[in-house]
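Asker: This is the structure I have questions about; it appears just below.
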Amino acid sequence: MNRLSLPSFATAALCALAFALPLQASAADAPAKKAKTAAKAPAALPELSPEQQANAGRVLVGKIECEFNQAVDVSELSAHKGYFSVEFKGKKYTMAPEATTTGAVRLEDKKAGTVWLQIANKSMLMDAKAGHRMVDNCVHPSQKS
């Protein structure tokens, strides 16, 4: 009876593992990845209420400088009136205005669990699921006193 020694068994296992690992994507796969990314863009968003539309008119847009030399870019979505794209650290969130009782402007991406709060003197981006601020002290030129 011929048994494999421990070193040859380990070598055989490593070889099997190496062949089982997926190969890196080739350049030919790149267009397929781009197509998947483009498919994630929201095609149809719910219609906003008149109150939400009114709040959309109060949102400050543009590149907004924040603490620790960070920035948030807020822009209107031209294809979806009243909706906004909020970009921070390479991630984009599609946000809708929500009603508040305090007079603050609140944009929310319910799917991602992110909230953009805009008050008189600053704005902040929050991770509502984790319950913490992602970035704070964001000041639009019109918020400077």
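Each chain in the structure tokens gets a letter, A, B, ..., in the order shown, and its residues are numbered from 1; ligands are numbered from 1 in order too.
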What are the closest atom pairs, with distances in Å to one decimal, for all residues of region 35-79 of chain A lying within 7 Å of region 125-140 of chain A? Consider only C-alpha atoms, order rows by chain and residue number, and present the result as JSON lines.
Answerer:
{"residue": "A:Ile64", "atom": "CA", "partner": "A:His140", "partner_atom": "CA", "distance": 5.2}
{"residue": "A:Glu65", "atom": "CA", "partner": "A:Cys138", "partner_atom": "CA", "distance": 5.4}
{"residue": "A:Cys66", "atom": "CA", "partner": "A:Cys138", "partner_atom": "CA", "distance": 3.8}
{"residue": "A:Glu67", "atom": "CA", "partner": "A:Asn137", "partner_atom": "CA", "distance": 5.5}
Asker: For Trp116 (chain A), work out the shell of residues within 6 Å, counting only C-alpha atoms and skipping chain neighbours fewer than 5 positions away, then give it as an MDAnalysis selection string.
Answerer: chainID A and resid 106:107 124:125
Asker: Can you write out the residues you just picked, keeping C-alpha atoms, as an mmCIF file, in the first residue's frame?
Answerer:
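Once everything was written out, this is selection02.cif:
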data_model
loop_
_atom_site.group_PDB
_atom_site.id
_atom_site.type_symbol
_atom_site.label_atom_id
_atom_site.label_comp_id
_atom_site.auth_asym_id
_atom_site.auth_seq_id
_atom_site.Cartn_x
_atom_site.Cartn_y
_atom_site.Cartn_z
ATOM 1 C CA ARG A 106 -33.443 66.480 5.367
ATOM 2 C CA LEU A 107 -32.485 64.343 2.382
ATOM 3 C CA MET A 124 -23.785 66.807 7.898
ATOM 4 C CA LEU A 125 -23.982 63.352 6.352
#
Asker: With only C-alpha atoms as the counted atoms, please give the residues lying no more than 12 Å from Lys63 (chain A), apart from itself and same-chain residues fewer than 6 positions off, as a count of residues only.
Answerer: 14
Asker: Find the spatial neighbours of region 77-83 of chain A, counting only C-alpha atoms, within a cut-off of 10 Å - ignore same-chain residues fewer than 2 positions away - and output them as a VMD selection string.
Answerer: chain A and resid 42 to 49 52 to 57 59 74 to 75 85 to 86 94 to 97 107 to 108
Asker: Quick check, in Å to one decimal: how far apart do CA of Asn121 (chain A) and CA of Lys144 (chain A) lie?
Answerer: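 It comes out at 6.6 Å.
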